[in-house]
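Here's the structure we're looking at; comments come further down.
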Amino acid sequence: MSAINHSSKIIIVGSGVFGISTALWLARSGYKDVTVLDMQDTAATAYDPLAGVDSASADLNKIIRFSYGDEIEYQRLATEAARMWDEWNREIANALIDELPERLRDGDRKLWWNAGFLRMSSEPELGGFEIATLENMEREGIREFQFRTDDDADIARAKERGWAHKLDPCRRQERFGTHKAVLDSTAGFVYAYKSCAWAQHLARKAGVKFVLDPVYGKVVDITDKDGHPVVHTADGLEHPADLVVVAGGGWTPSLVPEVQGLLETTAGSVANIQIPRDRPGLWERFAPENQPVISWGSRQGKEVYSLPRDENGVFKIGWRETKWTNFKDVRGKRISVPKTAHVTEEKETRIPVEALNGIKEYITINFPELVPLGVSSTRLCWYTDSIDNSFVVDFVPGRPRVAVCSGGSGHGFKFLPILGREVVKILEGKGSQTVYGQMWRWRTSNEPTRNGLEEGEQGPRVLSKQKMASEADLKFAD
């Protein structure tokens with residue numbers, strides 16, 4: 001339990017979703033000395049991945065979904081977060097231009113897009129997870145916003161509410177004679193980099209301080225002295241604190257080696273297709289007004305998703321069937337660490353051929369009109385997986401003033417507006433009194449399979465064991 005008060009010196013390591021949400025809610029809760037350290041200048045770059053920022057939070061867009069099978073607590077928190085996304089949209093729409101961070105002054109002045117989320121089966125029937133999700137939504141009283149493509153009543157309701165054009169955007173019924181899917185009309189996506197820039201803007205207004213620099217903001221170690229944590233930065237300085245919260249995303253296991261066995265740095269595979277503006281038919285078809293977020297074959301061996309094109313025409317597709325690892329020596333231990341396009345010593349912009357082939361299969365089957373365009377770019381998206389895909393927000397055992405806030409496991413971004421509210425309760429020592437404090441506690445598992453963490457460096461997901469895609473592979477076969 002951490003003994004902190006509103007005058008305590010609190011240092012947060014990392015300015016991604018977990019770090020920035022925690023900082024914002026600490027400031028809103030009355031804490032007056034909160035500083036965020038990050039080795040990347042997420043202020044100057046506004047988290048834009050095209051500006052050279054490498055993190056899971058610094059992305060074009062992220063899915064906002066409420067489908068969690070029987071994990072009702074996450075479904076409820078996501079539903080509550082959606083109301084906050086709506087509020088952020090209203091604040092941005094009503095703000096004067098000079099009241100906005102620079103990144104939000106151009107283009108769409110909107111973070112959250114209720115474009116819908118079409119969960120498509122790759123098999124003749126819906127999977128068990130989908131059925132469990134619908135049953136939970138029935139119990140929660142929100143089943144009416146879900147439209148099954150094989151249910152006449154749902155189809156009629158979708159037509160009445162203006163969602164019919166998003167029930168089968170891939171024309172699967174017409175082309176294959178079957179189409180099993182559920183359209184969630186409450187879901188959609190957010191512009192990720194703009195959302196983080198807005199959250200950082202709010203945190204600064206609330207009094208949070210930032211050190212965003214490859215030397216002054218780069219944390220190289222966290223030690224303990226006289227019962228207090230000390231943060232060491234790359235410039236050789238020491239920063240004593242009353243509480244340190246490590247929210248470093250894929251870099252967290254490198255800074256807190258105690259998480260080994262609980263958290264592991266992994267990467268999903270992402271590809272982009274550039275939709276040309278001079279193809280008005282394609283431009284309109286893949287706009288968020290006409291194209292929903294789509295997942296295909298979730299828990300059916302496919303694990304592919306796509307989002308509507310962004311304002312610059314980028315159509316993003318992700319593949320999550322396998323999450324890659326990259327083991328290196330870190331303080332005498334072999335730990336999986338990121339290998340990114342810009343920040344890390346060893347650079348990587350390619351994805352494994354296996355992942356690219358999965359993405360190309362999705363495009364070939366569902367969007368054959370995009371095949372001639374080819375894949376324009378790829379990247380690995382590094383984050384932390386936990387042993388059970390649930391977050392980890394707790395104090396490090398034996399270090400009562402050092403907390404970890406990580407383990408997004410590929411589904412954390414949607415909670416940006418609300419996550420910090422629950423984190424603050426845990427940092428104040430009230431975690432045992434809240435459902436999320438209990439869910440996100442430090443934990444172990446004796447299960448033989450632990451979300452892949454049991455494999456280690458001997459497992460098949462290690463990046464060095466993969467054949468990486470070449471430039472020629474980005475084109476589709478004739």
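Following the order of the structure tokens, first chain is A, next is B, and so on, with residues numbered from 1 inside each chain and ligands from 1 in the order they appear.
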Query raised in the report: Contacts of Asn451 of chain A at 10 Å or less, counting only C-alpha atoms, minus same-chain residues fewer than 3 places along, as JSON, numbers by chain?
Result: {"A": [262, 263, 264, 323, 385, 386, 387, 388, 389, 409, 447, 448, 454, 455]}
Query raised in the report: Where in segment 209-457 of chain A does DSSP assign strand (DSSP E or B), given as a PyMOL selection string?
Result: chain A and resi 209-212+219-225+228-233+238-240+243-246+260+263-274+293-296+304-306+314-325+327-330+333-336+352+377-386+392-396+399-406
Requested in this report: Determine the nearest neighbour of Lys333 of chain A from the options A:Gly398, A:Pro253, A:Pro372, A:Gly177, counting only C-alpha atoms.
Outcome: A:Pro253
Requested in this report: Rank A:Glu369, A:Glu99, A:Glu238, A:Glu345 by their smallest atom-to-atom distance to Trp198 of chain A, using only C-alpha atoms, and report the top residue only.
Outcome: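 Looking only at the distances to Trp198 of chain A, the closest residue turns out to be A:Glu99.
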With only C-alpha atoms as the counted atoms, please give the residues lying no more than 8 Å from Phe129 of chain A, apart from itself and same-chain residues fewer than 2 positions off, as an mmCIF file with C-alpha atoms, in the first residue's frame.
data_model
loop_
_atom_site.group_PDB
_atom_site.id
_atom_site.type_symbol
_atom_site.label_atom_id
_atom_site.label_comp_id
_atom_site.auth_asym_id
_atom_site.auth_seq_id
_atom_site.Cartn_x
_atom_site.Cartn_y
_atom_site.Cartn_z
ATOM 1 C CA GLY A 69 -17.639 -12.467 -24.132
ATOM 2 C CA ASP A 70 -18.322 -13.253 -20.465
ATOM 3 C CA GLY A 127 -18.420 -18.887 -32.533
ATOM 4 C CA ILE A 131 -22.818 -16.113 -28.551
ATOM 5 C CA ALA A 132 -21.558 -15.387 -25.016
ATOM 6 C CA THR A 133 -21.181 -11.696 -25.902
ATOM 7 C CA ARG A 299 -10.989 -17.157 -32.128
#
Report task. Rank nothing, just name the residue among A:Pro257, A:Gly188, A:Gly412, A:Gly116 nearest to Tyr74 of chain A, using only C-alpha atoms. Result -> A:Gly412
Report summary line: Using only C-alpha atoms, the residue out of A:Gly332, A:Gly107, A:Gly128, A:Gly358 with shortest distance to Val270 of chain A is A:Gly358
Report task. Could you give me, as an NGL selection string, the residues within 8 Å of segment 425-436 of chain A, counting only C-alpha atoms and dropping anything in the same chain fewer than 4 positions from it? Result -> :A and (1-4 or 73 or 393-395 or 403 or 421 or 440-441)
Near-segment 137-143 of chain A list (10 Å; only C-alpha atoms; drop same-chain fewer than 2 positions) as a CSV table (one decimal) with C-alpha atoms, in the first residue's frame:
chain,number,residue,atom,x,y,z
A,66,PHE,CA,-17.8,-3.6,-26.2
A,67,SER,CA,-17.7,-7.3,-27.1
A,68,TYR,CA,-16.0,-9.1,-24.2
A,69,GLY,CA,-17.6,-12.5,-24.1
A,70,ASP,CA,-18.3,-13.3,-20.5
A,72,ILE,CA,-18.7,-8.3,-18.1
A,75,GLN,CA,-17.7,-4.5,-21.1
A,76,ARG,CA,-19.1,-2.2,-18.4
A,131,ILE,CA,-22.8,-16.1,-28.6
A,132,ALA,CA,-21.6,-15.4,-25.0
A,133,THR,CA,-21.2,-11.7,-25.9
A,134,LEU,CA,-24.8,-11.5,-27.2
A,135,GLU,CA,-26.1,-13.3,-24.1
A,145,PHE,CA,-28.0,-2.4,-30.6
A,146,GLN,CA,-26.5,-5.7,-31.9
A,147,PHE,CA,-27.7,-6.9,-35.3
A,154,ASP,CA,-32.2,-7.8,-36.2
A,184,ASP,CA,-22.4,-3.7,-33.0
A,186,THR,CA,-22.5,1.2,-30.4
Report summary line: If you count only C-alpha atoms, the residue of A:Trp112, A:Tyr305, A:Trp442, A:Phe367 closest to Ala192 of chain A turns out to be A:Trp112
Which residues of segment 137-221 of chain A sit at most 12 Å from segment 41-62 of chain A, using only C-alpha atoms? Give each one's shortest atom pair and distance in Å (one decimal place), in chain and ascending residue order, as a tab-separated table.
residue	atom	partner	partner_atom	distance
A:Ala187	CA	A:Lys62	CA	11.2
A:Gly188	CA	A:Lys62	CA	8.7
A:Phe189	CA	A:Lys62	CA	5.4
A:Val190	CA	A:Asn61	CA	5.5
A:Tyr191	CA	A:Asn61	CA	4.3
A:Ala192	CA	A:Asn61	CA	4.5
A:Tyr193	CA	A:Tyr47	CA	4.8
A:Lys194	CA	A:Ala46	CA	7.1
A:Ser195	CA	A:Tyr47	CA	9.0
A:Cys196	CA	A:Tyr47	CA	6.8
A:Ala197	CA	A:Ala46	CA	5.3
A:Trp198	CA	A:Ala46	CA	8.9
A:Ala199	CA	A:Ala46	CA	10.7
A:Gln200	CA	A:Ala43	CA	7.8
A:His201	CA	A:Ala43	CA	8.9
A:Ala203	CA	A:Ala43	CA	11.8
A:Arg204	CA	A:Ala43	CA	10.6
A:Lys209	CA	A:Ala43	CA	11.8
A:Phe210	CA	A:Ala43	CA	9.0
A:Val211	CA	A:Asp41	CA	8.4
A:Leu212	CA	A:Asp41	CA	4.7
A:Asp213	CA	A:Asp41	CA	5.6
A:Pro214	CA	A:Asp41	CA	7.6
A:Val215	CA	A:Asp41	CA	10.6
A:Tyr216	CA	A:Asp41	CA	10.7
A:Gly217	CA	A:Asp41	CA	8.8
A:Lys218	CA	A:Asp41	CA	10.4
Residues from last step as file, N, CA, C and O atoms, as a JSON list (two decimals), in the first residue's frame:
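Result went into result-v2.json, see below:
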[["chain", "number", "residue", "atom", "x", "y", "z"],
["A", 187, "ALA", "N", -20.32, 0.56, -31.36],
["A", 187, "ALA", "CA", -18.86, 0.56, -31.40],
["A", 187, "ALA", "C", -18.33, 1.40, -32.56],
["A", 187, "ALA", "O", -19.07, 2.05, -33.29],
["A", 188, "GLY", "N", -17.01, 1.38, -32.73],
["A", 188, "GLY", "CA", -16.38, 2.15, -33.81],
["A", 188, "GLY", "C", -14.89, 2.25, -33.59],
["A", 188, "GLY", "O", -14.23, 1.28, -33.24],
["A", 189, "PHE", "N", -14.34, 3.46, -33.75],
["A", 189, "PHE", "CA", -12.90, 3.64, -33.60],
["A", 189, "PHE", "C", -12.61, 5.07, -33.15],
["A", 189, "PHE", "O", -13.47, 5.95, -33.20],
["A", 190, "VAL", "N", -11.37, 5.28, -32.72],
["A", 190, "VAL", "CA", -10.89, 6.62, -32.41],
["A", 190, "VAL", "C", -9.60, 6.87, -33.19],
["A", 190, "VAL", "O", -8.87, 5.93, -33.51],
["A", 191, "TYR", "N", -9.34, 8.14, -33.51],
["A", 191, "TYR", "CA", -8.03, 8.51, -34.01],
["A", 191, "TYR", "C", -7.08, 8.49, -32.82],
["A", 191, "TYR", "O", -7.18, 9.33, -31.91],
["A", 192, "ALA", "N", -6.17, 7.54, -32.82],
["A", 192, "ALA", "CA", -5.36, 7.27, -31.64],
["A", 192, "ALA", "C", -4.41, 8.42, -31.31],
["A", 192, "ALA", "O", -4.35, 8.89, -30.17],
["A", 193, "TYR", "N", -3.64, 8.88, -32.30],
["A", 193, "TYR", "CA", -2.64, 9.90, -32.01],
["A", 193, "TYR", "C", -3.29, 11.21, -31.58],
["A", 193, "TYR", "O", -2.81, 11.91, -30.68],
["A", 194, "LYS", "N", -4.42, 11.55, -32.20],
["A", 194, "LYS", "CA", -5.13, 12.76, -31.81],
["A", 194, "LYS", "C", -5.70, 12.63, -30.39],
["A", 194, "LYS", "O", -5.73, 13.60, -29.62],
["A", 195, "SER", "N", -6.15, 11.43, -30.05],
["A", 195, "SER", "CA", -6.72, 11.20, -28.72],
["A", 195, "SER", "C", -5.67, 11.37, -27.64],
["A", 195, "SER", "O", -5.92, 11.99, -26.58],
["A", 196, "CYS", "N", -4.48, 10.83, -27.87],
["A", 196, "CYS", "CA", -3.40, 10.98, -26.88],
["A", 196, "CYS", "C", -2.97, 12.43, -26.78],
["A", 196, "CYS", "O", -2.68, 12.93, -25.68],
["A", 197, "ALA", "N", -2.91, 13.12, -27.92],
["A", 197, "ALA", "CA", -2.54, 14.54, -27.90],
["A", 197, "ALA", "C", -3.56, 15.35, -27.10],
["A", 197, "ALA", "O", -3.19, 16.27, -26.35],
["A", 198, "TRP", "N", -4.83, 15.02, -27.23],
["A", 198, "TRP", "CA", -5.87, 15.70, -26.47],
["A", 198, "TRP", "C", -5.75, 15.40, -24.98],
["A", 198, "TRP", "O", -5.85, 16.31, -24.14],
["A", 199, "ALA", "N", -5.51, 14.14, -24.64],
["A", 199, "ALA", "CA", -5.37, 13.77, -23.23],
["A", 199, "ALA", "C", -4.16, 14.46, -22.61],
["A", 199, "ALA", "O", -4.22, 14.92, -21.45],
["A", 200, "GLN", "N", -3.06, 14.55, -23.36],
["A", 200, "GLN", "CA", -1.88, 15.24, -22.83],
["A", 200, "GLN", "C", -2.19, 16.74, -22.65],
["A", 200, "GLN", "O", -1.76, 17.36, -21.67],
["A", 201, "HIS", "N", -2.93, 17.31, -23.57],
["A", 201, "HIS", "CA", -3.36, 18.70, -23.48],
["A", 201, "HIS", "C", -4.17, 18.92, -22.19],
["A", 201, "HIS", "O", -3.93, 19.88, -21.45],
["A", 203, "ALA", "N", -4.09, 17.06, -19.50],
["A", 203, "ALA", "CA", -3.22, 16.84, -18.35],
["A", 203, "ALA", "C", -2.36, 18.07, -18.06],
["A", 203, "ALA", "O", -2.18, 18.46, -16.90],
["A", 204, "ARG", "N", -1.84, 18.70, -19.10],
["A", 204, "ARG", "CA", -1.05, 19.93, -18.91],
["A", 204, "ARG", "C", -1.91, 21.02, -18.28],
["A", 204, "ARG", "O", -1.47, 21.73, -17.37],
["A", 209, "LYS", "N", 3.31, 18.01, -15.15],
["A", 209, "LYS", "CA", 4.56, 18.43, -15.79],
["A", 209, "LYS", "C", 5.09, 17.29, -16.67],
["A", 209, "LYS", "O", 4.87, 16.11, -16.38],
["A", 210, "PHE", "N", 5.79, 17.65, -17.74],
["A", 210, "PHE", "CA", 6.29, 16.66, -18.68],
["A", 210, "PHE", "C", 7.77, 16.90, -18.98],
["A", 210, "PHE", "O", 8.19, 18.04, -19.17],
["A", 211, "VAL", "N", 8.53, 15.80, -19.04],
["A", 211, "VAL", "CA", 9.90, 15.83, -19.55],
["A", 211, "VAL", "C", 9.94, 14.79, -20.66],
["A", 211, "VAL", "O", 9.95, 13.57, -20.39],
["A", 212, "LEU", "N", 9.92, 15.25, -21.89],
["A", 212, "LEU", "CA", 9.82, 14.38, -23.06],
["A", 212, "LEU", "C", 11.06, 14.57, -23.91],
["A", 212, "LEU", "O", 11.14, 15.48, -24.75],
["A", 213, "ASP", "N", 12.05, 13.71, -23.71],
["A", 213, "ASP", "CA", 13.35, 13.93, -24.33],
["A", 213, "ASP", "C", 14.12, 12.62, -24.37],
["A", 213, "ASP", "O", 14.05, 11.83, -23.41],
["A", 214, "PRO", "N", 14.87, 12.36, -25.47],
["A", 214, "PRO", "CA", 15.61, 11.09, -25.58],
["A", 214, "PRO", "C", 16.73, 10.93, -24.57],
["A", 214, "PRO", "O", 17.25, 9.81, -24.40],
["A", 215, "VAL", "N", 17.11, 12.00, -23.88],
["A", 215, "VAL", "CA", 18.13, 11.92, -22.83],
["A", 215, "VAL", "C", 17.53, 12.24, -21.46],
["A", 215, "VAL", "O", 17.53, 11.42, -20.54],
["A", 216, "TYR", "N", 16.98, 13.45, -21.33],
["A", 216, "TYR", "CA", 16.46, 13.90, -20.03],
["A", 216, "TYR", "C", 15.22, 13.11, -19.60],
["A", 216, "TYR", "O", 14.95, 12.99, -18.40],
["A", 217, "GLY", "N", 14.47, 12.61, -20.56],
["A", 217, "GLY", "CA", 13.25, 11.88, -20.22],
["A", 217, "GLY", "C", 13.39, 10.37, -20.30],
["A", 217, "GLY", "O", 12.43, 9.65, -20.01],
["A", 218, "LYS", "N", 14.56, 9.90, -20.68],
["A", 218, "LYS", "CA", 14.77, 8.45, -20.83],
["A", 218, "LYS", "C", 15.15, 7.83, -19.49],
["A", 218, "LYS", "O", 16.22, 8.11, -18.93]]
Requested in this report: Please report, as a VMD selection string, each residue of segment 167-380 of chain A to which DSSP assigns helix (DSSP H, G or I) when run on this structure's backbone.
Outcome: chain A and resid 172 to 176 192 to 205 249 to 255 257 to 259 280 to 285 353 to 366 368 to 373
With segment 226-234 of chain A as the partner and 12 Å as the cut-off, tabulate the residues of segment 238-317 of chain A that qualify, each row holding the nearest pair of atoms and their distance in Å to one decimal, using only C-alpha atoms, sorted by chain and rising number, as a Markdown table.
| residue | atom | partner | partner_atom | distance |
| --- | --- | --- | --- | --- |
| A:Glu238 | CA | A:His232 | CA | 4.7 |
| A:His239 | CA | A:Val231 | CA | 4.9 |
| A:Pro240 | CA | A:Val230 | CA | 4.2 |
| A:Ala241 | CA | A:Pro229 | CA | 5.7 |
| A:Asp242 | CA | A:His228 | CA | 5.9 |
| A:Leu243 | CA | A:Pro229 | CA | 6.8 |
| A:Val244 | CA | A:Pro229 | CA | 6.7 |
| A:Val245 | CA | A:Pro229 | CA | 10.2 |
| A:Val246 | CA | A:Val231 | CA | 10.4 |
| A:Leu255 | CA | A:Val231 | CA | 10.3 |
| A:Val256 | CA | A:Val231 | CA | 11.9 |
Query raised in the report: Within 8 Å of Arg309 of chain A, counting only C-alpha atoms, which residues qualify if same-chain residues fewer than 4 places away don't, as a PyMOL selection string?
Result: chain A and resi 275+286-288+313-316
Using only C-alpha atoms, please write the residues we just selected to a file, as a short mmCIF file (atom, residue, chain, number, x, y, z; two decimals), in the first residue's frame.
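Written output follows (result03.cif):
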data_model
loop_
_atom_site.label_atom_id
_atom_site.label_comp_id
_atom_site.auth_asym_id
_atom_site.auth_seq_id
_atom_site.Cartn_x
_atom_site.Cartn_y
_atom_site.Cartn_z
CA ILE A 275 -6.72 4.41 -50.91
CA PHE A 286 -13.99 2.88 -47.29
CA ALA A 287 -15.00 6.10 -45.51
CA PRO A 288 -16.22 5.67 -41.91
CA GLY A 313 -6.81 7.52 -47.18
CA VAL A 314 -4.89 5.00 -45.08
CA PHE A 315 -6.77 1.69 -44.68
CA LYS A 316 -5.27 -0.20 -41.74
#
